[in-house]
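J.: Input file: protein25.txt. Contents: compact mmCIF, C-alpha atoms (C1' of nucleotides).
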```
# COMPACT_ATOMS: atom_id res chain seq x y z
CA MET A 1 -128.55 -19.46 -43.69
CA SER A 2 -129.16 -21.76 -46.64
CA LYS A 3 -128.71 -25.45 -46.09
CA LYS A 4 -126.88 -25.57 -49.39
CA SER A 5 -124.26 -23.07 -48.26
CA LEU A 6 -120.83 -24.30 -49.23
CA LYS A 7 -119.53 -23.65 -45.75
CA LEU A 8 -120.69 -26.56 -43.66
CA LYS A 9 -122.00 -26.02 -40.17
CA LYS A 10 -119.95 -27.38 -37.33
CA VAL A 11 -122.36 -30.19 -36.68
CA GLU A 12 -122.21 -31.27 -40.31
CA VAL A 13 -118.43 -31.32 -40.26
CA SER A 14 -118.43 -33.41 -37.09
CA ARG A 15 -120.98 -35.79 -38.49
CA ALA A 16 -118.99 -36.22 -41.67
CA ARG A 17 -115.80 -36.82 -39.72
CA VAL A 18 -117.49 -39.51 -37.65
CA LEU A 19 -118.90 -41.10 -40.80
CA ASP A 20 -115.49 -41.18 -42.49
CA ALA A 21 -113.88 -42.60 -39.38
CA ALA A 22 -116.61 -45.23 -39.15
CA ALA A 23 -116.10 -46.29 -42.77
CA HIS A 24 -112.39 -46.54 -42.14
CA ILE A 25 -112.69 -48.71 -39.05
CA PHE A 26 -115.56 -50.86 -40.36
CA ARG A 27 -113.39 -51.47 -43.41
CA GLU A 28 -110.53 -52.70 -41.27
CA ARG A 29 -112.40 -54.73 -38.68
CA GLY A 30 -115.83 -55.60 -39.97
CA PHE A 31 -119.06 -54.76 -38.16
CA VAL A 32 -118.79 -56.71 -34.95
CA GLY A 33 -115.06 -56.13 -34.68
CA THR A 34 -115.51 -52.40 -34.74
CA THR A 35 -115.85 -50.60 -31.43
CA MET A 36 -117.36 -47.19 -30.93
CA ARG A 37 -114.18 -46.31 -29.05
CA ALA A 38 -112.03 -47.04 -32.12
CA ILE A 39 -114.27 -44.92 -34.35
CA ALA A 40 -114.20 -42.10 -31.81
CA GLN A 41 -110.44 -42.18 -31.58
CA ASP A 42 -110.11 -42.06 -35.36
CA ALA A 43 -112.50 -39.11 -35.46
CA GLY A 44 -110.70 -37.30 -32.64
CA ILE A 45 -113.54 -37.35 -30.11
CA GLU A 46 -114.72 -39.56 -27.25
CA ALA A 47 -116.95 -42.59 -27.71
CA GLY A 48 -119.92 -41.10 -25.90
CA SER A 49 -120.00 -38.14 -28.27
CA ILE A 50 -120.77 -40.26 -31.30
CA TYR A 51 -124.25 -40.76 -29.92
CA TYR A 52 -125.00 -37.11 -30.45
CA HIS A 53 -124.75 -37.72 -34.23
CA PHE A 54 -125.90 -41.31 -34.58
CA LYS A 55 -128.17 -42.98 -32.14
CA SER A 56 -126.61 -46.45 -32.37
CA LYS A 57 -123.92 -48.53 -34.00
CA ASP A 58 -126.63 -49.96 -36.27
CA GLU A 59 -127.61 -46.51 -37.51
CA LEU A 60 -123.96 -45.73 -38.13
CA ILE A 61 -123.27 -48.76 -40.30
CA GLY A 62 -126.51 -48.07 -42.16
CA ALA A 63 -125.32 -44.55 -42.96
CA VAL A 64 -121.93 -45.83 -44.14
CA LEU A 65 -123.51 -48.47 -46.39
CA ASP A 66 -126.03 -46.07 -47.89
CA PHE A 67 -123.46 -43.35 -48.50
CA GLY A 68 -121.12 -45.83 -50.19
CA ILE A 69 -123.59 -47.24 -52.68
CA THR A 70 -125.09 -43.81 -53.36
CA ALA A 71 -121.69 -42.28 -54.11
CA LEU A 72 -120.84 -45.20 -56.38
CA GLN A 73 -124.10 -45.08 -58.28
CA GLY A 74 -123.85 -41.29 -58.60
CA SER A 75 -120.36 -41.45 -60.08
CA VAL A 76 -121.25 -44.11 -62.62
CA THR A 77 -124.60 -42.78 -63.79
CA ASN A 78 -123.08 -39.32 -64.04
CA ALA A 79 -120.28 -40.55 -66.28
CA VAL A 80 -122.62 -42.49 -68.54
CA ASP A 81 -125.14 -39.65 -68.76
CA LYS A 82 -122.42 -37.31 -69.98
CA LEU A 83 -121.85 -39.43 -73.08
CA PRO A 84 -123.32 -38.11 -76.33
CA LYS A 85 -126.59 -39.62 -77.48
CA TYR A 86 -124.91 -41.38 -80.36
CA ALA A 87 -122.45 -43.22 -78.12
CA THR A 88 -122.35 -46.94 -78.94
CA PRO A 89 -123.36 -49.61 -76.43
CA LYS A 90 -119.73 -50.68 -76.24
CA GLU A 91 -118.64 -47.14 -75.37
CA ARG A 92 -121.30 -46.94 -72.69
CA ILE A 93 -120.16 -50.19 -71.12
CA LYS A 94 -116.52 -49.14 -71.24
CA THR A 95 -117.36 -45.83 -69.62
CA ALA A 96 -119.37 -47.51 -66.88
CA ILE A 97 -116.55 -49.96 -66.17
CA ASN A 98 -114.05 -47.13 -65.95
CA ALA A 99 -116.27 -45.02 -63.69
CA HIS A 100 -117.15 -47.98 -61.47
CA VAL A 101 -113.52 -48.97 -60.92
CA SER A 102 -112.48 -45.37 -60.27
CA ALA A 103 -115.29 -44.84 -57.79
CA ILE A 104 -114.77 -48.01 -55.77
CA VAL A 105 -111.13 -47.06 -55.35
CA LYS A 106 -111.89 -43.39 -54.65
CA TYR A 107 -114.46 -44.33 -52.01
CA GLY A 108 -112.26 -47.20 -50.86
CA ASP A 109 -113.16 -47.07 -47.18
CA TYR A 110 -116.85 -47.14 -47.94
CA THR A 111 -116.56 -49.79 -50.65
CA LEU A 112 -114.44 -52.08 -48.53
CA ALA A 113 -116.62 -51.48 -45.50
CA MET A 114 -119.55 -52.77 -47.57
CA ARG A 115 -117.61 -55.95 -48.39
CA ARG A 116 -116.30 -56.51 -44.89
CA VAL A 117 -119.60 -56.23 -43.06
CA PHE A 118 -121.48 -58.45 -45.50
CA GLY A 119 -123.46 -60.90 -43.43
CA GLN A 120 -122.59 -59.26 -40.12
CA VAL A 121 -125.07 -56.43 -40.14
CA PRO A 122 -128.38 -56.83 -38.27
CA SER A 123 -130.98 -57.90 -40.79
CA ASN A 124 -133.29 -54.91 -40.38
CA VAL A 125 -130.42 -52.58 -41.28
CA TRP A 126 -129.39 -54.73 -44.22
CA ARG A 127 -132.91 -54.99 -45.63
CA LYS A 128 -133.17 -51.22 -45.85
CA HIS A 129 -129.80 -50.90 -47.53
CA VAL A 130 -130.29 -53.74 -49.99
CA LYS A 131 -132.89 -51.79 -51.92
CA LEU A 132 -130.26 -49.22 -52.89
CA ARG A 133 -127.91 -51.98 -53.99
CA GLU A 134 -130.59 -53.51 -56.16
CA GLU A 135 -131.21 -50.18 -57.86
CA TYR A 136 -127.59 -50.07 -58.83
CA GLY A 137 -127.77 -53.66 -60.07
CA ASP A 138 -130.75 -52.66 -62.17
CA PHE A 139 -128.76 -49.83 -63.72
CA TRP A 140 -126.17 -52.33 -64.93
CA HIS A 141 -128.80 -54.76 -66.07
CA ASN A 142 -130.40 -52.08 -68.22
CA LEU A 143 -127.05 -51.03 -69.60
CA LEU A 144 -126.35 -54.58 -70.75
CA ALA A 145 -129.91 -55.23 -71.91
CA ASN A 146 -129.87 -52.14 -74.12
CA ALA A 147 -126.53 -53.12 -75.57
CA GLN A 148 -127.85 -56.57 -76.35
CA LYS A 149 -131.02 -55.19 -77.90
CA GLN A 150 -129.01 -52.89 -80.16
CA GLY A 151 -126.86 -55.76 -81.34
CA GLY A 152 -123.69 -54.89 -79.45
CA LEU A 153 -123.71 -58.07 -77.34
CA ARG A 154 -124.10 -61.74 -78.20
CA LYS A 155 -127.73 -62.79 -78.04
CA ASP A 156 -126.94 -66.06 -76.26
CA ILE A 157 -125.54 -64.67 -73.04
CA ASP A 158 -127.52 -64.70 -69.81
CA LEU A 159 -127.46 -61.08 -68.71
CA THR A 160 -127.83 -61.86 -65.01
CA ILE A 161 -124.89 -64.23 -64.96
CA ALA A 162 -122.82 -61.86 -67.08
CA ARG A 163 -123.56 -58.92 -64.82
CA LEU A 164 -122.73 -60.79 -61.62
CA PHE A 165 -119.53 -62.14 -63.11
CA LEU A 166 -118.46 -58.73 -64.40
CA LEU A 167 -119.23 -56.85 -61.19
CA GLY A 168 -117.62 -59.59 -59.12
CA GLY A 169 -114.42 -59.18 -61.12
CA LEU A 170 -114.54 -55.39 -60.97
CA ASN A 171 -115.26 -55.23 -57.25
CA TRP A 172 -112.41 -57.53 -56.38
CA THR A 173 -110.09 -54.76 -57.58
CA VAL A 174 -110.31 -52.91 -54.27
CA GLU A 175 -108.66 -55.86 -52.58
CA TRP A 176 -105.49 -55.88 -54.64
CA PHE A 177 -105.15 -52.47 -56.28
CA LYS A 178 -101.96 -50.61 -55.32
CA PRO A 179 -101.73 -47.09 -56.81
CA LYS A 180 -97.96 -47.35 -57.05
CA LYS A 181 -98.04 -50.60 -58.95
CA HIS A 182 -100.86 -50.06 -61.43
CA SER A 183 -102.67 -47.33 -63.27
CA LEU A 184 -106.42 -47.33 -62.79
CA GLU A 185 -107.06 -46.36 -66.38
CA GLN A 186 -105.03 -49.27 -67.66
CA ILE A 187 -106.79 -51.71 -65.36
CA ALA A 188 -110.25 -50.49 -66.38
CA GLU A 189 -109.20 -50.68 -70.02
CA SER A 190 -108.01 -54.27 -69.50
CA PHE A 191 -111.25 -55.25 -67.79
CA ALA A 192 -113.32 -53.83 -70.63
CA SER A 193 -111.20 -55.61 -73.19
CA LEU A 194 -111.40 -58.91 -71.31
CA ILE A 195 -115.16 -58.92 -70.85
CA LEU A 196 -115.98 -57.56 -74.30
CA GLU A 197 -113.42 -59.27 -76.54
CA GLY A 198 -112.54 -62.30 -74.40
CA MET A 199 -109.03 -63.57 -73.79
CA LYS A 200 -108.97 -66.30 -76.43
CA SER A 201 -106.69 -65.62 -79.39
CA LYS A 202 -108.56 -65.00 -82.62
CA MET B 203 -103.37 -98.77 -35.69
CA SER B 204 -102.48 -96.90 -38.86
CA LYS B 205 -103.11 -93.20 -38.96
CA LYS B 206 -104.54 -93.71 -42.42
CA SER B 207 -107.22 -96.10 -41.25
CA LEU B 208 -110.53 -95.21 -42.84
CA LYS B 209 -112.29 -95.42 -39.52
CA LEU B 210 -111.53 -92.17 -37.74
CA LYS B 211 -110.68 -92.13 -34.08
CA LYS B 212 -113.08 -90.42 -31.76
CA VAL B 213 -110.78 -87.46 -31.27
CA GLU B 214 -110.50 -86.96 -35.03
CA VAL B 215 -114.25 -87.02 -35.41
CA SER B 216 -114.64 -84.46 -32.65
CA ARG B 217 -111.96 -82.25 -34.09
CA ALA B 218 -113.57 -82.39 -37.53
CA ARG B 219 -116.95 -81.55 -36.05
CA VAL B 220 -115.53 -78.52 -34.28
CA LEU B 221 -113.77 -77.41 -37.46
CA ASP B 222 -116.96 -77.70 -39.51
CA ALA B 223 -118.91 -75.81 -36.88
CA ALA B 224 -116.25 -73.11 -36.78
CA ALA B 225 -116.33 -72.67 -40.56
CA HIS B 226 -120.11 -72.40 -40.40
CA ILE B 227 -120.15 -69.75 -37.69
CA PHE B 228 -117.16 -67.78 -39.01
CA ARG B 229 -118.97 -67.71 -42.34
CA GLU B 230 -122.04 -66.22 -40.78
CA ARG B 231 -120.50 -63.76 -38.34
CA GLY B 232 -116.92 -63.04 -39.38
CA PHE B 233 -113.93 -63.53 -37.11
CA VAL B 234 -114.56 -61.07 -34.31
CA GLY B 235 -118.31 -61.66 -34.38
CA THR B 236 -117.86 -65.35 -33.76
CA THR B 237 -117.86 -66.59 -30.19
CA MET B 238 -116.39 -69.82 -28.97
CA ARG B 239 -119.72 -70.46 -27.31
CA ALA B 240 -121.55 -70.26 -30.64
CA ILE B 241 -119.12 -72.68 -32.28
CA ALA B 242 -119.47 -75.05 -29.36
CA GLN B 243 -123.25 -75.02 -29.56
CA ASP B 244 -123.12 -75.75 -33.30
CA ALA B 245 -120.73 -78.63 -32.64
CA GLY B 246 -122.87 -80.01 -29.82
CA ILE B 247 -120.35 -79.52 -27.02
CA GLU B 248 -119.50 -76.88 -24.41
CA ALA B 249 -117.21 -73.93 -25.07
CA GLY B 250 -114.47 -75.05 -22.72
CA SER B 251 -114.13 -78.35 -24.59
CA ILE B 252 -113.01 -76.70 -27.79
CA TYR B 253 -109.71 -75.92 -26.12
CA TYR B 254 -108.90 -79.60 -25.97
CA HIS B 255 -108.71 -79.59 -29.80
CA PHE B 256 -107.52 -76.07 -30.58
CA LYS B 257 -105.56 -73.97 -28.21
CA SER B 258 -107.07 -70.63 -29.19
CA LYS B 259 -109.56 -68.88 -31.44
CA ASP B 260 -106.62 -67.80 -33.59
CA GLU B 261 -105.52 -71.38 -34.13
CA LEU B 262 -109.07 -72.32 -35.02
CA ILE B 263 -109.51 -69.70 -37.73
CA GLY B 264 -106.07 -70.62 -39.06
CA ALA B 265 -107.17 -74.24 -39.41
CA VAL B 266 -110.40 -73.23 -41.16
CA LEU B 267 -108.59 -70.99 -43.63
CA ASP B 268 -105.91 -73.56 -44.42
CA PHE B 269 -108.39 -76.39 -44.85
CA GLY B 270 -110.51 -74.25 -47.17
CA ILE B 271 -107.77 -73.25 -49.57
CA THR B 272 -106.22 -76.72 -49.50
CA ALA B 273 -109.51 -78.41 -50.36
CA LEU B 274 -110.09 -75.91 -53.16
CA GLN B 275 -106.64 -76.31 -54.63
CA GLY B 276 -106.87 -80.09 -54.34
CA SER B 277 -110.18 -80.23 -56.20
CA VAL B 278 -108.99 -78.03 -59.03
CA THR B 279 -105.54 -79.50 -59.58
CA ASN B 280 -107.03 -82.96 -59.41
CA ALA B 281 -109.57 -82.16 -62.12
CA VAL B 282 -106.96 -80.59 -64.39
CA ASP B 283 -104.45 -83.40 -63.87
CA LYS B 284 -107.03 -85.94 -64.94
CA LEU B 285 -107.22 -84.39 -68.40
CA PRO B 286 -105.38 -86.23 -71.19
CA LYS B 287 -101.99 -84.86 -72.16
CA TYR B 288 -103.29 -83.64 -75.48
CA ALA B 289 -106.01 -81.49 -73.91
CA THR B 290 -105.99 -77.98 -75.36
CA PRO B 291 -105.25 -74.90 -73.23
CA LYS B 292 -108.87 -73.87 -73.65
CA GLU B 293 -110.08 -77.21 -72.34
CA ARG B 294 -107.76 -76.92 -69.36
CA ILE B 295 -109.05 -73.47 -68.51
CA LYS B 296 -112.66 -74.57 -68.87
CA THR B 297 -112.03 -77.54 -66.62
CA ALA B 298 -110.33 -75.40 -63.99
CA ILE B 299 -113.21 -72.90 -64.03
CA ASN B 300 -115.73 -75.69 -63.63
CA ALA B 301 -113.81 -77.36 -60.81
CA HIS B 302 -113.18 -74.06 -59.03
CA VAL B 303 -116.82 -73.04 -59.08
CA SER B 304 -117.96 -76.50 -57.95
CA ALA B 305 -115.46 -76.57 -55.12
CA ILE B 306 -116.20 -73.12 -53.73
CA VAL B 307 -119.86 -74.03 -53.57
CA LYS B 308 -119.20 -77.54 -52.19
CA TYR B 309 -116.95 -76.15 -49.47
CA GLY B 310 -119.24 -73.15 -49.07
CA ASP B 311 -118.78 -72.68 -45.34
CA TYR B 312 -115.01 -72.66 -45.67
CA THR B 313 -114.98 -70.52 -48.79
CA LEU B 314 -117.34 -67.95 -47.36
CA ALA B 315 -115.52 -67.99 -44.03
CA MET B 316 -112.38 -67.02 -45.94
CA ARG B 317 -114.18 -64.08 -47.51
CA ARG B 318 -115.89 -62.94 -44.32
CA VAL B 319 -112.83 -62.84 -42.11
CA PHE B 320 -110.67 -61.04 -44.65
CA GLY B 321 -108.94 -58.24 -42.80
CA GLN B 322 -110.23 -59.35 -39.39
CA VAL B 323 -107.74 -62.07 -38.65
CA PRO B 324 -104.66 -61.31 -36.50
CA SER B 325 -101.79 -60.62 -38.85
CA ASN B 326 -99.55 -63.45 -37.69
CA VAL B 327 -102.31 -65.95 -38.50
CA TRP B 328 -102.98 -64.34 -41.86
CA ARG B 329 -99.33 -64.26 -42.89
CA LYS B 330 -99.04 -68.01 -42.45
CA HIS B 331 -102.20 -68.67 -44.43
CA VAL B 332 -101.42 -66.28 -47.24
CA LYS B 333 -98.61 -68.49 -48.51
CA LEU B 334 -101.11 -71.22 -49.32
CA ARG B 335 -103.31 -68.71 -51.15
CA GLU B 336 -100.38 -67.55 -53.22
CA GLU B 337 -99.59 -71.11 -54.24
CA TYR B 338 -103.09 -71.41 -55.61
CA GLY B 339 -102.73 -68.08 -57.39
CA ASP B 340 -99.53 -69.39 -58.94
CA PHE B 341 -101.35 -72.47 -60.19
CA TRP B 342 -103.76 -70.24 -62.11
CA HIS B 343 -101.00 -68.01 -63.32
CA ASN B 344 -99.17 -70.99 -64.80
CA LEU B 345 -102.36 -72.31 -66.36
CA LEU B 346 -102.89 -69.01 -68.16
CA ALA B 347 -99.21 -68.52 -68.99
CA ASN B 348 -99.02 -71.94 -70.63
CA ALA B 349 -102.17 -71.26 -72.60
CA GLN B 350 -100.73 -67.98 -73.80
CA LYS B 351 -97.41 -69.55 -74.73
CA GLN B 352 -99.18 -72.22 -76.76
CA GLY B 353 -101.12 -69.61 -78.66
CA GLY B 354 -104.50 -70.20 -77.03
CA LEU B 355 -104.71 -66.71 -75.50
CA ARG B 356 -104.18 -63.22 -76.92
CA LYS B 357 -100.59 -62.14 -76.51
CA ASP B 358 -101.55 -58.62 -75.42
CA ILE B 359 -103.34 -59.47 -72.20
CA ASP B 360 -101.75 -58.87 -68.81
CA LEU B 361 -101.97 -62.25 -67.12
CA THR B 362 -102.02 -60.86 -63.60
CA ILE B 363 -104.92 -58.54 -64.29
CA ALA B 364 -106.76 -61.26 -66.20
CA ARG B 365 -106.31 -63.77 -63.40
CA LEU B 366 -107.48 -61.40 -60.67
CA PHE B 367 -110.48 -60.36 -62.74
CA LEU B 368 -111.42 -63.94 -63.55
CA LEU B 369 -111.04 -65.25 -60.00
CA GLY B 370 -112.86 -62.22 -58.61
CA GLY B 371 -115.80 -62.98 -60.87
CA LEU B 372 -115.75 -66.70 -60.08
CA ASN B 373 -115.47 -66.22 -56.32
CA TRP B 374 -118.38 -63.83 -56.19
CA THR B 375 -120.57 -66.79 -57.17
CA VAL B 376 -120.75 -68.06 -53.60
CA GLU B 377 -122.54 -64.88 -52.62
CA TRP B 378 -125.47 -65.24 -55.01
CA PHE B 379 -125.65 -68.89 -56.06
CA LYS B 380 -128.93 -70.60 -55.18
CA PRO B 381 -129.03 -74.31 -56.07
CA LYS B 382 -132.74 -74.14 -56.79
CA LYS B 383 -132.41 -71.25 -59.18
CA HIS B 384 -129.32 -72.18 -61.19
CA SER B 385 -127.35 -75.18 -62.35
CA LEU B 386 -123.69 -75.04 -61.42
CA GLU B 387 -122.62 -76.58 -64.71
CA GLN B 388 -124.49 -73.97 -66.68
CA ILE B 389 -122.98 -71.15 -64.66
CA ALA B 390 -119.44 -72.49 -65.04
CA GLU B 391 -120.07 -72.93 -68.76
CA SER B 392 -121.27 -69.32 -69.00
CA PHE B 393 -118.24 -68.03 -67.11
CA ALA B 394 -115.86 -69.87 -69.41
CA SER B 395 -117.65 -68.57 -72.47
CA LEU B 396 -117.64 -64.99 -71.15
CA ILE B 397 -113.96 -64.87 -70.27
CA LEU B 398 -112.76 -66.78 -73.32
CA GLU B 399 -115.02 -65.49 -76.09
CA GLY B 400 -116.11 -62.16 -74.62
CA MET B 401 -119.66 -60.84 -74.64
CA LYS B 402 -119.40 -58.61 -77.69
CA SER B 403 -121.31 -59.79 -80.73
CA LYS B 404 -119.09 -60.92 -83.53
C1' DG C 405 -121.57 -30.55 -28.96
C1' DT C 406 -118.46 -32.94 -26.20
C1' DC C 407 -116.95 -34.70 -21.94
C1' DT C 408 -116.59 -38.31 -17.88
C1' DA C 409 -118.40 -42.05 -15.38
C1' DT C 410 -120.69 -46.08 -15.19
C1' DA C 411 -124.43 -49.62 -15.68
C1' DG C 412 -125.11 -54.09 -17.53
C1' DG C 413 -123.88 -57.65 -20.47
C1' DG C 414 -120.64 -60.93 -22.89
C1' DA C 415 -116.24 -62.20 -24.45
C1' DG C 416 -111.78 -65.67 -24.42
C1' DA C 417 -109.40 -68.59 -21.80
C1' DT C 418 -108.15 -71.59 -17.65
C1' DA C 419 -108.59 -75.05 -13.74
C1' DG C 420 -110.08 -78.97 -11.82
C1' DA C 421 -113.84 -82.44 -11.43
C1' DC C 422 -115.48 -86.47 -13.75
C1' DG D 423 -112.48 -85.83 -23.93
C1' DT D 424 -115.91 -83.13 -21.96
C1' DC D 425 -118.14 -80.34 -18.37
C1' DT D 426 -118.80 -76.52 -14.98
C1' DA D 427 -117.33 -72.52 -12.77
C1' DT D 428 -114.93 -68.49 -12.93
C1' DC D 429 -111.24 -64.85 -13.75
C1' DT D 430 -110.40 -60.72 -16.16
C1' DC D 431 -111.25 -57.77 -19.66
C1' DC D 432 -113.84 -54.87 -22.87
C1' DC D 433 -118.11 -53.80 -25.20
C1' DT D 434 -122.60 -50.58 -26.20
C1' DA D 435 -125.25 -47.24 -24.53
C1' DT D 436 -126.90 -43.80 -21.12
C1' DA D 437 -126.89 -39.79 -17.76
C1' DG D 438 -125.66 -35.60 -16.36
C1' DA D 439 -121.88 -32.04 -16.01
C1' DC D 440 -119.86 -28.35 -18.69
```
Hey, can you dump this file as structure tokens for me?
T.:
Amino acid sequence: MSKKSLKLKKVEVSRARVLDAAAHIFRERGFVGTTMRAIAQDAGIEAGSIYYHFKSKDELIGAVLDFGITALQGSVTNAVDKLPKYATPKERIKTAINAHVSAIVKYGDYTLAMRRVFGQVPSNVWRKHVKLREEYGDFWHNLLANAQKQGGLRKDIDLTIARLFLLGGLNWTVEWFKPKKHSLEQIAESFASLILEGMKSK
Amino acid sequence: MSKKSLKLKKVEVSRARVLDAAAHIFRERGFVGTTMRAIAQDAGIEAGSIYYHFKSKDELIGAVLDFGITALQGSVTNAVDKLPKYATPKERIKTAINAHVSAIVKYGDYTLAMRRVFGQVPSNVWRKHVKLREEYGDFWHNLLANAQKQGGLRKDIDLTIARLFLLGGLNWTVEWFKPKKHSLEQIAESFASLILEGMKSK
DNA sequence: GTCTATAGGGAGATAGAC
DNA sequence: GTCTATCTCCCTATAGAC
């Protein structure tokens, strides 16, 4: 049986359910506040059974963190790569903003888990994970650097500060976004307009 | 003896030391990850003694959260109020950005504690605190609304989205700011330029 | 694969001495 | 005001049955 079969094996389903449950509970209670019992209950099994899939709480949070950033990076790079070659730097940035905001909301449990456990995760786990985060930061840095090189962005802006400011503003969305109150497309559109055009009247 | 005497009574000094220690540890470990024993050690006393000043861990985090947002709001409103009456909307916004960024770094333990314990604090404690946060949000909302009314900001921007985006970007600073690597003034200046003028080349 | 039972370690909070 | 001692509860992780 191929590993890429669409039908997942039982063990893969169980593992995925535990991972989802873990993201959900880590998101609500942070790392230390999360108990294996709470994750187990959310996943519909007993606490002891988690250890068949993950050998410790540390390994579990590591898997949640890595899955979250990987899913986010995959969504965004995929969206940008689909653009035609002649797409302008501004279009690329707008697309990335839209994809980023959509993804952090779509993978809300994972995204918020990442925020909540910041600074609570054992340092050896965090060090491993941080490399993935930096890759994603580099993606954005290159996006902005190319735009600047091609004349789409002001030459006087510090790209590192701009990137951290922009991503800080985008990521905050998960904390206040309510699907019933706002449309994601409109929010992403507003963000792009704010960071590209500024809010000053002309 | 007046309560407003500059010389603090012993009990006030102790209480302040416990509060500072609590902010420091909550910042590092989140709410659930923080132990009363760790706070006590940081404050130079024994765990049992904390209960002379605060009657529970819940009351302690409540005090840290309230002090943090109050200090932040005080710093920012104070800076803006000092501006001359004829200051332009743009100047007011720049001043507020500068004061906000300075304050969140100055009160770093309290600011970061607020971020870390998000979603981990018992809901009755959080509900009380959230009112103070909303007051500060209102302050920013009015600042932007006045600027827009006076023609300093584009009429087509949604002030709520703009405010959440801006504050999200500003608040993220505490996570990456390193005094040896950056100057706070330069960062605040960059933020103001980004949000007001935009990063697109003209 | 998942269960139950439990070992071993800390947690928050209180009481009473000083 | 602060300390020490302690009650009671709940945590992670393991072992062995099914």
J.: Quick one: residues within 12 Å of D:DC432, all atoms listed in the file counted, chain neighbours fewer than 3 positions away excluded, as a list in words?
T.: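 Counting all atoms listed in the file, the residues come to Gly33, Thr35, Met36 and Arg37 of chain A; DG413, DG414, DA415 and DG416 of chain C.
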J.: Up to 8 Å from chain D, what residues of chain B turn up? Count all atoms listed in the file and give them as a PyMOL selection string.
T.: chain B and resi 213+247-248+250-251+254
J.: Which residues are near B:Lys259? Cut-off 12 Å, only C-alpha atoms (C1' of nucleotides), ignore same chain within fewer than 3 positions. Put them as a PyMOL selection string.
T.: (chain B and resi 220-221+224-225+228+233-239+241-242+249-250+252-253+255-256+262-266+323-324+327) or (chain C and resi 415-417)
J.: When you draw a straight line from atom CA of A:Tyr107 to atom CA of A:Leu65, how long is it in Å?
T.: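 Spanning atom CA of A:Tyr107 to atom CA of A:Leu65 is a straight-line distance of 11.4 Å.
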J.: Write out as a ChimeraX atom specification every residue belonging to chain B that has an atom at most 7 Å from any atom of chain A, counting only C-alpha atoms.
T.: /B:230-232,234-235,318,321-322,353-356,367-368,370-372,374,396-403
J.: Measuring between only C-alpha atoms (C1' of nucleotides), which one of A:Lys180, A:Arg15, A:Lys7, A:His100 shows the shortest distance to chain C?
T.: A:Arg15
J.: One decimal, in Å: what's the spacing between atom CA of A:Arg92 and atom CA of A:Leu184?
T.: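 Answer for the atom CA of A:Arg92 to atom CA of A:Leu184 separation: 17.9 Å.
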J.: Counting only C-alpha atoms, figure out which residue out of B:Asp260, B:Ser216, B:Leu208, B:Asp268 gets nearest to B:Lys333.
T.: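 Checking each of B:Asp260, B:Ser216, B:Leu208, B:Asp268 against B:Lys333, counting only C-alpha atoms, the winner is B:Asp268.
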J.: Mind giving me the straight-line distance from atom CA of B:Ala347 to atom CA of B:His331 in Å, one decimal?
T.: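 Interatomic distance here is 24.7 Å.
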J.: Using all atoms listed in the file, select each residue of chain C with any atom at most 10 Å away from an atom of chain A, and give the selection as a ChimeraX atom specification.
T.: /C:405-408
J.: Kindly provide, as JSON, the centre and edge lengths (Å, one decimal) of an axis-aligned box around all atoms of stretch 405-421 of chain C given in the file, with 5 Å on each side.
T.:
```
{"center_x": -116.6, "center_y": -56.5, "center_z": -20.2, "size_x": 27.0, "size_y": 61.9, "size_z": 27.5}
```
J.: Here is a test: counting all atoms listed in the file, which residue of B:Phe379, B:Leu345, B:Glu391, B:Leu314 is nearest to B:Gly270?
T.: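 So, comparing all the options, the nearest one is B:Leu314.
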